[in-house]
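This is coords26.cif (mmCIF, C-alpha atoms).
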data_my_file
loop_
_atom_site.label_atom_id
_atom_site.label_comp_id
_atom_site.auth_asym_id
_atom_site.auth_seq_id
_atom_site.Cartn_x
_atom_site.Cartn_y
_atom_site.Cartn_z
CA MET A 1 98.11 16.79 -14.62
CA THR A 2 101.19 15.05 -15.91
CA THR A 3 102.63 15.16 -19.38
CA GLU A 4 100.42 13.52 -22.02
CA PRO A 5 101.41 12.03 -25.37
CA VAL A 6 99.45 13.89 -28.08
CA GLY A 7 100.73 12.32 -31.29
CA LEU A 8 103.47 10.68 -33.27
CA SER A 9 106.12 13.04 -34.57
CA VAL A 10 105.88 11.52 -38.05
CA ASN A 11 102.25 12.65 -38.29
CA LEU A 12 103.09 16.33 -37.79
CA PRO A 13 105.52 17.36 -40.55
CA SER A 14 106.91 20.89 -40.67
CA GLN A 15 104.48 23.70 -41.60
CA ARG A 16 101.51 21.74 -40.28
CA VAL A 17 99.09 22.23 -37.42
CA MET A 18 96.85 19.80 -35.53
CA GLN A 19 94.43 19.78 -32.62
CA ALA A 20 95.04 17.92 -29.35
CA ARG A 21 93.43 17.67 -25.96
CA VAL A 22 95.22 17.43 -22.62
CA GLY A 23 92.91 17.30 -19.62
CA ASP A 24 90.36 20.03 -20.18
CA ALA A 25 92.63 22.05 -22.45
CA ASP A 26 91.95 22.26 -26.19
CA ILE A 27 95.37 22.72 -27.78
CA ALA A 28 96.80 23.68 -31.18
CA VAL A 29 100.07 21.89 -31.93
CA TRP A 30 102.17 23.10 -34.86
CA ARG A 31 105.59 23.05 -36.47
CA GLY A 32 107.35 25.95 -38.16
CA VAL A 33 109.35 25.67 -41.37
CA SER A 34 112.44 24.85 -39.31
CA GLY A 35 110.58 22.00 -37.57
CA LYS A 36 110.26 23.91 -34.30
CA LEU A 37 107.28 22.70 -32.24
CA SER A 38 104.73 24.79 -30.36
CA ALA A 39 101.65 23.90 -28.30
CA TRP A 40 99.17 26.66 -27.48
CA LEU A 41 95.70 27.05 -26.10
CA ASN A 42 93.52 26.52 -29.18
CA ARG A 43 92.03 29.99 -29.19
CA CYS A 44 93.00 33.09 -31.11
CA PRO A 45 93.22 36.03 -28.65
CA HIS A 46 91.52 38.21 -31.27
CA ARG A 47 88.16 36.53 -31.87
CA GLY A 48 88.43 33.12 -30.24
CA MET A 49 88.82 31.11 -33.45
CA ARG A 50 90.48 27.72 -33.05
CA LEU A 51 94.10 28.21 -34.06
CA SER A 52 94.29 24.56 -35.18
CA HIS A 53 92.31 25.70 -38.25
CA GLY A 54 95.11 28.17 -39.02
CA PHE A 55 98.14 27.87 -41.25
CA VAL A 56 101.87 28.10 -40.76
CA ARG A 57 103.82 30.98 -42.29
CA GLY A 58 107.54 30.60 -41.77
CA GLU A 59 107.98 30.44 -38.01
CA SER A 60 104.56 31.93 -37.26
CA LEU A 61 101.07 30.47 -37.02
CA ALA A 62 98.36 32.54 -38.71
CA CYS A 63 94.73 32.39 -37.62
CA LEU A 64 92.36 31.36 -40.41
CA TYR A 65 89.82 34.02 -39.47
CA HIS A 66 91.63 37.37 -39.79
CA GLY A 67 95.18 36.19 -40.38
CA TRP A 68 96.74 37.49 -37.18
CA HIS A 69 100.23 35.96 -36.94
CA TYR A 70 101.79 34.63 -33.74
CA GLY A 71 105.50 33.79 -33.43
CA SER A 72 106.78 30.72 -31.65
CA ASP A 73 106.87 32.76 -28.42
CA GLY A 74 103.08 33.06 -28.76
CA VAL A 75 103.21 36.86 -29.22
CA CYS A 76 101.28 38.47 -32.06
CA ASN A 77 103.74 39.80 -34.63
CA TYR A 78 101.58 40.79 -37.60
CA ILE A 79 98.02 41.96 -38.21
CA PRO A 80 97.20 41.95 -41.95
CA ALA A 81 94.49 44.62 -41.66
CA HIS A 82 97.09 46.99 -40.10
CA PRO A 83 100.30 46.05 -41.90
CA ASP A 84 102.28 49.03 -40.56
CA LEU A 85 101.29 48.47 -36.94
CA GLU A 86 103.68 46.79 -34.55
CA PRO A 87 101.25 44.78 -32.43
CA PRO A 88 101.44 45.36 -28.69
CA GLY A 89 103.29 42.56 -26.87
CA THR A 90 100.27 41.98 -24.66
CA ILE A 91 98.47 40.21 -27.52
CA GLN A 92 99.65 36.68 -26.95
CA THR A 93 98.48 33.10 -26.85
CA THR A 94 98.75 30.79 -23.85
CA VAL A 95 101.90 28.74 -24.46
CA PHE A 96 102.37 25.20 -23.15
CA SER A 97 105.46 23.04 -22.95
CA ILE A 98 105.98 20.46 -25.72
CA ILE A 99 108.83 18.10 -26.59
CA ASP A 100 109.47 15.50 -29.27
CA GLN A 101 111.11 12.52 -27.58
CA ASP A 102 111.87 9.29 -29.45
CA GLY A 103 109.26 10.16 -32.09
CA VAL A 104 106.42 11.01 -29.70
CA LEU A 105 105.02 14.49 -29.03
CA TRP A 106 104.46 15.19 -25.32
CA VAL A 107 102.58 18.21 -23.95
CA SER A 108 102.22 19.49 -20.41
CA VAL A 109 99.69 22.17 -19.47
CA ASP A 110 101.39 22.90 -16.13
CA GLY A 111 105.15 23.12 -16.16
CA ALA A 112 107.80 21.60 -18.38
CA ALA A 113 106.82 18.58 -20.48
CA GLY A 114 108.78 15.44 -19.67
CA GLY A 115 108.62 12.61 -22.17
CA GLN A 116 109.33 8.94 -21.71
CA ASP A 117 112.30 7.03 -23.04
CA LEU A 118 111.43 4.37 -25.57
CA PRO A 119 113.54 1.48 -26.87
CA GLY A 120 116.22 3.05 -29.05
CA ASP A 121 115.05 1.72 -32.40
CA SER A 122 111.35 2.47 -31.91
CA LYS A 123 109.47 3.08 -35.14
CA PRO A 124 106.05 4.74 -35.27
CA VAL A 125 103.11 2.50 -36.25
CA ARG A 126 100.03 4.69 -35.82
CA SER A 127 97.78 6.67 -33.51
CA ILE A 128 94.32 5.12 -33.25
CA THR A 129 91.26 6.56 -31.49
CA PHE A 130 88.93 4.29 -29.50
CA SER A 131 85.35 5.49 -28.96
CA CYS A 132 84.94 4.00 -25.50
CA SER A 133 85.99 4.61 -21.92
CA ALA A 134 89.63 4.51 -20.90
CA LYS A 135 88.94 1.42 -18.82
CA ALA A 136 87.35 -0.52 -21.68
CA ALA A 137 90.24 0.40 -23.97
CA LYS A 138 92.91 -0.48 -21.44
CA ASP A 139 91.25 -3.78 -20.47
CA ALA A 140 91.03 -4.85 -24.09
CA LEU A 141 94.68 -3.96 -24.71
CA ILE A 142 95.93 -5.76 -21.60
CA GLY A 143 93.83 -8.80 -22.42
CA SER A 144 95.32 -9.27 -25.87
CA SER A 145 98.65 -10.27 -27.36
CA VAL A 146 100.26 -8.99 -30.55
CA ALA A 147 101.11 -11.42 -33.34
CA ASP A 148 104.68 -10.92 -34.55
CA GLY A 149 103.90 -11.89 -38.13
CA SER A 150 105.92 -15.10 -38.06
CA GLY A 151 103.87 -17.27 -35.75
CA GLY A 152 105.03 -15.86 -32.43
CA GLU A 153 103.27 -13.58 -29.99
CA LEU A 154 104.16 -10.56 -27.93
CA SER A 155 102.48 -10.61 -24.55
CA ILE A 156 101.87 -7.85 -22.08
CA HIS A 157 105.06 -7.15 -20.17
CA ASP A 158 104.71 -4.02 -18.17
CA ILE A 159 101.69 -2.29 -16.64
CA ALA A 160 102.97 0.22 -14.17
CA GLU A 161 100.39 1.36 -11.63
CA GLY A 162 98.50 4.38 -12.92
CA SER A 163 100.65 4.38 -16.01
CA ASN A 164 99.58 5.52 -19.44
CA ARG A 165 102.05 3.14 -21.01
CA LEU A 166 101.69 -0.53 -21.94
CA GLU A 167 104.56 -2.59 -23.24
CA PHE A 168 104.35 -5.91 -25.08
CA LYS A 169 107.45 -8.08 -25.50
CA SER A 170 108.32 -11.15 -27.55
CA ALA A 171 109.38 -14.32 -25.70
CA ASN A 172 113.05 -13.68 -26.48
CA GLY A 173 112.69 -10.06 -25.42
CA LEU A 174 114.08 -8.70 -28.68
CA ASN A 175 110.89 -7.26 -30.16
CA SER A 176 108.56 -4.94 -28.34
CA VAL A 177 105.43 -2.89 -28.96
CA VAL A 178 104.86 0.20 -26.85
CA VAL A 179 101.37 1.68 -26.50
CA LEU A 180 101.11 5.19 -25.05
CA LEU A 181 97.61 6.16 -23.98
CA GLN A 182 96.06 9.59 -24.21
CA GLN A 183 92.61 10.29 -22.83
CA PRO A 184 91.02 13.23 -24.65
CA SER A 185 87.55 12.75 -23.13
CA ASP A 186 85.44 10.45 -20.96
CA GLN A 187 84.37 8.45 -23.98
CA SER A 188 87.49 8.29 -26.08
CA MET A 189 91.04 7.05 -25.83
CA ILE A 190 93.92 7.47 -28.25
CA ALA A 191 96.60 4.78 -28.44
CA HIS A 192 99.94 5.93 -29.87
CA ILE A 193 101.69 2.76 -30.99
CA LEU A 194 105.40 2.19 -31.72
CA ALA A 195 107.38 -0.96 -32.49
CA ALA A 196 110.99 -1.71 -31.57
CA GLY A 197 113.22 -4.52 -32.74
CA ASP A 198 113.21 -6.34 -36.05
CA TRP A 199 109.93 -5.69 -37.86
CA SER A 200 109.11 -6.22 -41.51
CA VAL A 201 106.58 -3.98 -43.27
CA ASP A 202 104.04 -6.82 -43.02
CA GLY A 203 104.80 -7.12 -39.32
CA MET A 204 104.14 -3.40 -38.82
CA ILE A 205 100.89 -3.70 -40.78
CA GLY A 206 100.01 -6.64 -38.53
CA ILE A 207 100.40 -4.39 -35.48
CA SER A 208 98.08 -1.82 -37.08
CA ARG A 209 95.45 -4.51 -37.73
CA TRP A 210 95.87 -5.85 -34.21
CA SER A 211 95.02 -2.39 -32.86
CA GLU A 212 91.79 -2.42 -34.86
CA THR A 213 90.88 -5.85 -33.48
CA VAL A 214 91.44 -4.59 -29.95
CA ARG A 215 89.35 -1.49 -30.72
CA ARG A 216 86.43 -3.63 -31.90
CA GLN A 217 86.62 -5.63 -28.66
CA ALA A 218 86.87 -2.51 -26.51
CA GLU A 219 83.96 -0.78 -28.22
CA ARG A 220 81.79 -3.89 -27.81
CA THR A 221 82.29 -3.82 -24.03
CA LYS A 222 81.65 -0.11 -24.30
CA ASN A 223 81.08 2.86 -22.22
CA VAL A 224 82.12 2.19 -18.67
CA PRO A 225 82.26 5.79 -17.46
CA ASN A 226 85.76 6.94 -16.63
CA SER A 227 84.53 8.29 -13.30
CA ASP A 228 84.45 4.65 -12.17
CA CYS A 229 88.09 4.11 -12.93
CA GLN A 230 89.93 7.40 -12.53
CA ASP A 231 92.82 5.78 -10.72
CA GLU A 232 93.26 3.36 -13.59
CA LEU A 233 94.88 5.97 -15.73
CA MET B 1 85.98 21.41 -76.28
CA SER B 2 86.75 18.11 -74.55
CA PHE B 3 83.48 17.58 -72.69
CA ARG B 4 80.50 19.35 -71.20
CA LEU B 5 79.77 19.25 -67.45
CA TYR B 6 76.45 20.07 -65.82
CA ASN B 7 77.87 21.42 -62.64
CA TYR B 8 76.99 22.63 -59.14
CA VAL B 9 79.65 24.45 -57.14
CA LEU B 10 78.84 22.93 -53.72
CA SER B 11 78.68 19.33 -54.97
CA GLY B 12 81.59 17.11 -53.97
CA ASN B 13 80.80 14.83 -56.90
CA CYS B 14 80.93 17.66 -59.44
CA TYR B 15 84.17 18.79 -57.78
CA LYS B 16 85.77 15.40 -58.52
CA VAL B 17 85.47 16.19 -62.21
CA ARG B 18 86.55 19.84 -61.87
CA LEU B 19 89.56 18.83 -59.79
CA PHE B 20 90.69 16.03 -62.09
CA ALA B 21 90.25 18.18 -65.20
CA SER B 22 92.47 20.82 -63.61
CA LEU B 23 95.12 18.27 -62.58
CA LEU B 24 95.15 16.97 -66.16
CA GLY B 25 95.16 20.47 -67.62
CA VAL B 26 91.98 19.79 -69.62
CA SER B 27 89.53 22.59 -70.40
CA TYR B 28 85.82 21.90 -70.66
CA GLU B 29 82.45 23.58 -70.93
CA SER B 30 80.74 24.05 -67.57
CA ILE B 31 76.98 24.60 -67.32
CA ALA B 32 75.95 25.83 -63.87
CA VAL B 33 72.84 24.06 -62.54
CA ASP B 34 70.70 25.51 -59.75
CA PHE B 35 70.64 22.37 -57.59
CA HIS B 36 69.58 24.31 -54.49
CA PRO B 37 67.16 25.91 -54.04
CA GLY B 38 66.03 25.69 -57.68
CA GLN B 39 66.03 21.86 -57.99
CA GLU B 40 66.89 22.46 -61.64
CA HIS B 41 68.29 18.90 -61.96
CA LYS B 42 64.73 17.65 -61.50
CA GLY B 43 63.32 20.00 -64.12
CA GLU B 44 62.23 18.77 -67.53
CA LYS B 45 65.09 20.49 -69.34
CA LEU B 46 67.76 18.46 -67.54
CA LEU B 47 65.66 15.28 -67.32
CA GLN B 48 65.65 15.28 -71.11
CA ILE B 49 69.44 15.00 -70.95
CA SER B 50 69.58 12.60 -67.99
CA PRO B 51 66.51 11.21 -66.22
CA ALA B 52 68.65 10.14 -63.24
CA GLU B 53 67.91 13.37 -61.31
CA THR B 54 71.56 13.55 -60.25
CA LEU B 55 74.55 15.82 -60.74
CA PRO B 56 77.04 15.92 -62.30
CA ILE B 57 76.09 15.00 -65.84
CA MET B 58 78.93 14.70 -68.33
CA LEU B 59 78.52 14.71 -72.10
CA ALA B 60 81.63 13.15 -73.62
CA ASP B 61 82.26 11.28 -76.89
CA ASP B 62 78.50 10.99 -77.51
CA MET B 63 78.02 9.44 -74.07
CA VAL B 64 75.81 10.73 -71.29
CA LEU B 65 77.59 9.87 -68.04
CA THR B 66 76.06 10.16 -64.56
CA GLU B 67 78.56 8.12 -62.53
CA THR B 68 81.71 9.96 -61.43
CA SER B 69 83.80 6.75 -61.54
CA ALA B 70 83.05 6.49 -65.25
CA MET B 71 83.82 10.18 -65.76
CA LEU B 72 87.20 9.89 -64.01
CA GLY B 73 88.02 6.71 -65.92
CA TRP B 74 87.10 8.32 -69.24
CA MET B 75 89.15 11.45 -68.52
CA ALA B 76 92.21 9.40 -67.49
CA SER B 77 91.90 7.12 -70.54
CA LYS B 78 91.54 10.07 -72.84
CA PHE B 79 93.98 12.65 -71.48
CA ASP B 80 96.62 10.89 -69.35
CA ALA B 81 99.08 9.60 -71.93
CA GLY B 82 101.41 8.30 -69.20
CA LYS B 83 98.67 5.99 -67.87
CA ASN B 84 99.53 6.94 -64.29
CA TRP B 85 96.08 7.87 -63.03
CA TRP B 86 94.41 4.75 -64.43
CA PRO B 87 97.18 2.16 -65.00
CA VAL B 88 95.31 -0.15 -67.36
CA ASN B 89 98.30 -2.42 -67.87
CA GLU B 90 98.61 -3.29 -64.20
CA PRO B 91 95.82 -5.72 -63.22
CA THR B 92 96.32 -5.56 -59.44
CA LYS B 93 96.38 -1.80 -59.38
CA ILE B 94 93.29 -1.26 -61.52
CA THR B 95 91.42 -3.87 -59.48
CA LEU B 96 92.24 -2.05 -56.25
CA ILE B 97 91.35 1.26 -57.89
CA ILE B 98 87.91 -0.12 -58.78
CA GLN B 99 87.58 -1.29 -55.18
CA TRP B 100 88.25 2.25 -53.90
CA LEU B 101 86.02 3.84 -56.54
CA GLY B 102 83.22 1.76 -55.03
CA PHE B 103 84.25 2.90 -51.57
CA ALA B 104 84.02 6.50 -52.78
CA SER B 105 80.29 5.93 -53.33
CA ASP B 106 80.02 4.87 -49.68
CA LEU B 107 81.57 8.20 -48.69
CA THR B 108 78.93 10.01 -50.77
CA LEU B 109 76.09 7.98 -49.24
CA THR B 110 77.27 8.60 -45.66
CA ILE B 111 79.30 11.82 -45.31
CA GLY B 112 77.63 13.32 -48.39
CA GLU B 113 74.16 12.59 -46.97
CA ALA B 114 75.00 14.01 -43.55
CA ARG B 115 76.42 17.10 -45.26
CA LEU B 116 73.24 17.59 -47.30
CA HIS B 117 71.40 17.66 -44.01
CA SER B 118 73.75 20.08 -42.24
CA MET B 119 74.14 22.44 -45.21
CA LEU B 120 70.84 22.26 -47.08
CA ASN B 121 68.59 20.88 -44.34
CA ARG B 122 67.67 17.81 -46.37
CA ASP B 123 65.57 15.20 -44.63
CA VAL B 124 67.98 12.30 -44.06
CA ASP B 125 68.66 9.80 -41.27
CA VAL B 126 71.52 11.82 -39.79
CA ASP B 127 72.58 9.38 -37.08
CA ARG B 128 72.82 6.57 -39.58
CA ALA B 129 74.72 8.74 -42.07
CA LEU B 130 77.18 9.94 -39.41
CA ALA B 131 77.77 6.42 -38.07
CA GLY B 132 78.41 5.22 -41.61
CA GLY B 133 80.69 8.18 -42.25
CA LYS B 134 82.75 7.42 -39.16
CA ARG B 135 83.06 3.78 -40.24
CA ALA B 136 84.18 4.89 -43.70
CA LEU B 137 86.78 7.33 -42.33
CA ARG B 138 88.17 4.54 -40.15
CA LEU B 139 88.49 2.25 -43.17
CA LEU B 140 90.22 5.01 -45.10
CA GLU B 141 92.58 5.77 -42.20
CA ALA B 142 93.45 2.06 -41.90
CA ARG B 143 94.21 1.75 -45.61
CA LEU B 144 96.30 4.91 -45.71
CA THR B 145 98.14 3.81 -42.55
CA GLU B 146 99.08 0.52 -44.21
CA GLN B 147 100.11 2.34 -47.38
CA SER B 148 102.28 4.73 -45.37
CA LEU B 149 103.97 1.76 -43.65
CA ARG B 150 104.71 0.50 -47.17
CA GLY B 151 106.21 3.89 -47.99
CA SER B 152 103.36 5.36 -50.06
CA GLN B 153 101.03 8.23 -49.25
CA TRP B 154 98.45 7.21 -51.89
CA LEU B 155 95.53 4.76 -51.83
CA VAL B 156 96.86 2.41 -54.52
CA GLY B 157 100.50 1.94 -55.55
CA GLU B 158 103.12 4.64 -55.25
CA ASN B 159 101.41 7.41 -57.23
CA PRO B 160 98.11 9.24 -57.10
CA THR B 161 95.33 7.56 -59.08
CA ILE B 162 91.68 8.25 -59.82
CA ALA B 163 90.93 6.35 -56.58
CA ASP B 164 92.47 9.23 -54.61
CA ILE B 165 90.51 11.79 -56.61
CA ALA B 166 87.25 9.87 -56.11
CA CYS B 167 87.69 9.55 -52.34
CA PHE B 168 89.13 13.00 -51.72
CA PRO B 169 86.12 15.36 -51.82
CA TYR B 170 83.79 13.79 -49.26
CA ALA B 171 86.67 12.77 -46.97
CA ALA B 172 87.87 16.39 -47.09
CA LEU B 173 84.33 17.76 -46.59
CA ALA B 174 83.61 15.55 -43.55
CA PRO B 175 83.86 18.55 -41.14
CA ASP B 176 80.91 20.13 -43.03
CA ALA B 177 78.90 17.13 -41.81
CA GLY B 178 80.25 17.39 -38.26
CA LEU B 179 82.96 14.72 -38.59
CA GLU B 180 86.26 16.42 -37.75
CA HIS B 181 89.61 15.16 -39.02
CA ASP B 182 91.21 15.31 -35.57
CA ASP B 183 91.12 11.53 -35.04
CA TYR B 184 92.59 10.69 -38.45
CA PRO B 185 96.24 11.81 -38.69
CA VAL B 186 97.07 9.80 -41.80
CA ILE B 187 93.96 11.02 -43.63
CA ARG B 188 95.12 14.56 -42.78
CA ASN B 189 98.51 13.88 -44.36
CA TRP B 190 96.84 12.42 -47.45
CA LEU B 191 94.46 15.39 -47.80
CA TYR B 192 97.47 17.69 -47.57
CA ALA B 193 99.33 15.68 -50.23
CA ILE B 194 96.39 16.00 -52.65
CA ARG B 195 96.03 19.72 -51.92
CA SER B 196 99.74 20.06 -52.75
CA LEU B 197 99.44 18.54 -56.26
CA ASP B 198 100.26 20.78 -59.21
CA GLY B 199 97.03 22.04 -60.73
CA PHE B 200 94.97 21.59 -57.55
CA VAL B 201 91.79 23.67 -57.42
CA THR B 202 89.57 24.43 -54.44
CA MET B 203 85.86 24.29 -53.72
CA PRO B 204 83.93 25.86 -50.83
CA GLY B 205 85.07 23.93 -47.73
CA ILE B 206 88.32 22.69 -49.27
CA HIS B 207 91.11 25.24 -49.11
CA GLU B 208 94.37 25.47 -50.95
CA VAL B 209 97.64 24.96 -49.12
CA HIS B 210 98.69 28.39 -47.89
CA LYS B 211 102.00 29.14 -49.51
CA LEU B 212 104.13 32.15 -48.77
CA ARG B 213 104.11 34.69 -51.54
CA ASP B 214 107.46 36.19 -52.50
CA THR B 215 106.25 39.63 -51.48
CA GLU B 216 105.13 38.56 -48.04
CA ASN B 217 107.04 39.28 -44.88
CA THR B 218 108.25 35.87 -43.68
CA LEU B 219 108.70 37.06 -40.08
#

Target format structure tokens, applied to this file:
Amino acid sequence: MTTEPVGLSVNLPSQRVMQARVGDADIAVWRGVSGKLSAWLNRCPHRGMRLSHGFVRGESLACLYHGWHYGSDGVCNYIPAHPDLEPPGTIQTTVFSIIDQDGVLWVSVDGAAGGQDLPGDSKPVRSITFSCSAKAAKDALIGSSVADGSGGELSIHDIAEGSNRLEFKSANGLNSVVVLLQQPSDQSMIAHILAAGDWSVDGMIGISRWSETVRRQAERTKNVPNSDCQDEL
Amino acid sequence: MSFRLYNYVLSGNCYKVRLFASLLGVSYESIAVDFHPGQEHKGEKLLQISPAETLPIMLADDMVLTETSAMLGWMASKFDAGKNWWPVNEPTKITLIIQWLGFASDLTLTIGEARLHSMLNRDVDVDRALAGGKRALRLLEARLTEQSLRGSQWLVGENPTIADIACFPYAALAPDAGLEHDDYPVIRNWLYAIRSLDGFVTMPGIHEVHKLRDTENTL
């Protein structure tokens, strides 16, 4: 398992928590007041509640069920029902590695997360979920080109073997759209989309609409099981 | 008393009115109706007031209102002196607001229907309701994405309007129907923005933003 992109940084402000999936792991991703990121197994050690339903208190994440607090080291530091108790250090969540690189959140479930460099002026467009196999989604993306909003097109530029990254470039090479693919299940694919270069607001909206067009195409060809194309991604 | 509301605590449509009244700081008379299991809204006493067999019912200025869009529009016209929630002098904005008020009904007919099945075991076409609910959430996510690229976190213009209030409850209650928010990051940000408004009130299934109390250990 390599590092997977799980979201755009802009969509996880401080004091917020979200759910993500990397391989078979269900993960809670959250930011403390300071902006510090954490990625944990999405399971409270107390009663198994999904921690992604919890809420951030300072630099701790509190479980929604009984309010047990866990610090950014994953160790329980407060139990509301026993306010005077110092919780034993053995009560802890499973902590994964996460980094925010160029506006993208990357998580690894085995070892240190390593992100990918993006063009320096990359701006986030959106994360969009496709309800189809990874192959159908990737084929539809590769088979399309992005309109640049002023009559030109960005065509597919780079498809590294086995890569989860697609890059579209304008003819003059100045504008690019990067699509980072995350595969949360056999029948879904999330595309995290960023744009680099000179983009107007309407141009960015155009990229968002393009992603919906591609999704419609991908979902029409539908449901090629990922087991047929594991080496594709 | 500003108006009377025939009210059911678990109804997302009744909650639209409760929420907006609280945001506007307007007090009102609430009459609790036993929608489930009592089916009181189909009893003769309430049918005399409104034969529509629906909740909420609002009595306001000698009107009997059964459509939440009309209730929100009336409340904004009456109590929002700044004309922010229903900007009647801005034709494009009120047109788009009407568009999203109509969309709010789609949320009720899809997510609301699926929720009636999962919570009250009502006999509905669940697959159809869930498919429609997913389609509606995608439309909402797309709109809010485009608005965020324009620099706004609201459905229409740069400020919250009655369109946001109308769409909020059933979008927020989608997990009750089995449609999680995990695939909709911009909807999540929008839900959080509404929950952060001054005067926000909760309903079962829609929590407040957890704020630290002064007395609490911040750890």

Could you list, as a CSV table (one decimal) with C-alpha atoms, in the coordinates of the input, every residue matched by the PyMOL selection byres ((chain B) within 8 of (chain A)) in this structure?
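Ended up saving to result_27.csv:
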chain,number,residue,atom,x,y,z
B,142,ALA,CA,93.4,2.1,-41.9
B,145,THR,CA,98.1,3.8,-42.6
B,146,GLU,CA,99.1,0.5,-44.2
B,149,LEU,CA,104.0,1.8,-43.6
B,150,ARG,CA,104.7,0.5,-47.2
B,182,ASP,CA,91.2,15.3,-35.6
B,183,ASP,CA,91.1,11.5,-35.0
B,184,TYR,CA,92.6,10.7,-38.4
B,185,PRO,CA,96.2,11.8,-38.7
B,186,VAL,CA,97.1,9.8,-41.8
B,189,ASN,CA,98.5,13.9,-44.4
B,210,HIS,CA,98.7,28.4,-47.9
B,211,LYS,CA,102.0,29.1,-49.5
B,212,LEU,CA,104.1,32.2,-48.8
B,218,THR,CA,108.2,35.9,-43.7
B,219,LEU,CA,108.7,37.1,-40.1

Subject >> Two-atom distance - atom CA of Ala129 of chain B, atom CA of Leu116 of chain B (Å) >> reply: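 Going from atom CA of Ala129 of chain B over to atom CA of Leu116 of chain B, I get 10.4 Å.
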
Original post:
Counting all atoms listed in the file, what is within 10 Å of Ala70 of chain B, bar same-chain residues fewer than 5 positions away, as an MDAnalysis selection string?
Top reply: chainID B and resid 58 65 75:76 101

Original post:
Pick from B:Ile31, B:Leu137, B:Val26, B:Ile165: nearest to Ser69 of chain B, with all atoms listed in the file counted?
Top reply: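 So, comparing all the options, the nearest one is B:Ile165.
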
**OP:** Take atom CA of Arg215 of chain A and atom CA of Ala196 of chain A and report the distance between them in Å, one decimal.
**Re:** 21.7 Å

**OP:** Could you tell me which residues the PyMOL selection byres ((chain B and resi 59) around 12) grabs in this file, written as a ChimeraX atom specification?
**Re:** /B:1-7,28-31,49-50,56-58,60-67,70-71,74-75

**OP:** For the structure shown, which residues end up in the PyMOL selection byres ((chain A and resi 119) around 9)? Put them as a list in words, please?
**Re:**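 With the PyMOL selection byres ((chain A and resi 119) around 9) on this model, the match is Asp102, Asp117, Leu118, Gly120, Asp121, Ser122, Ser176, Val178, Ala195, Ala196 and Gly197 of chain A.
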
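Taking atom CA of Ser211 of chain A and atom CA of Lys123 of chain A as endpoints, the distance between them is 15.6 Å.
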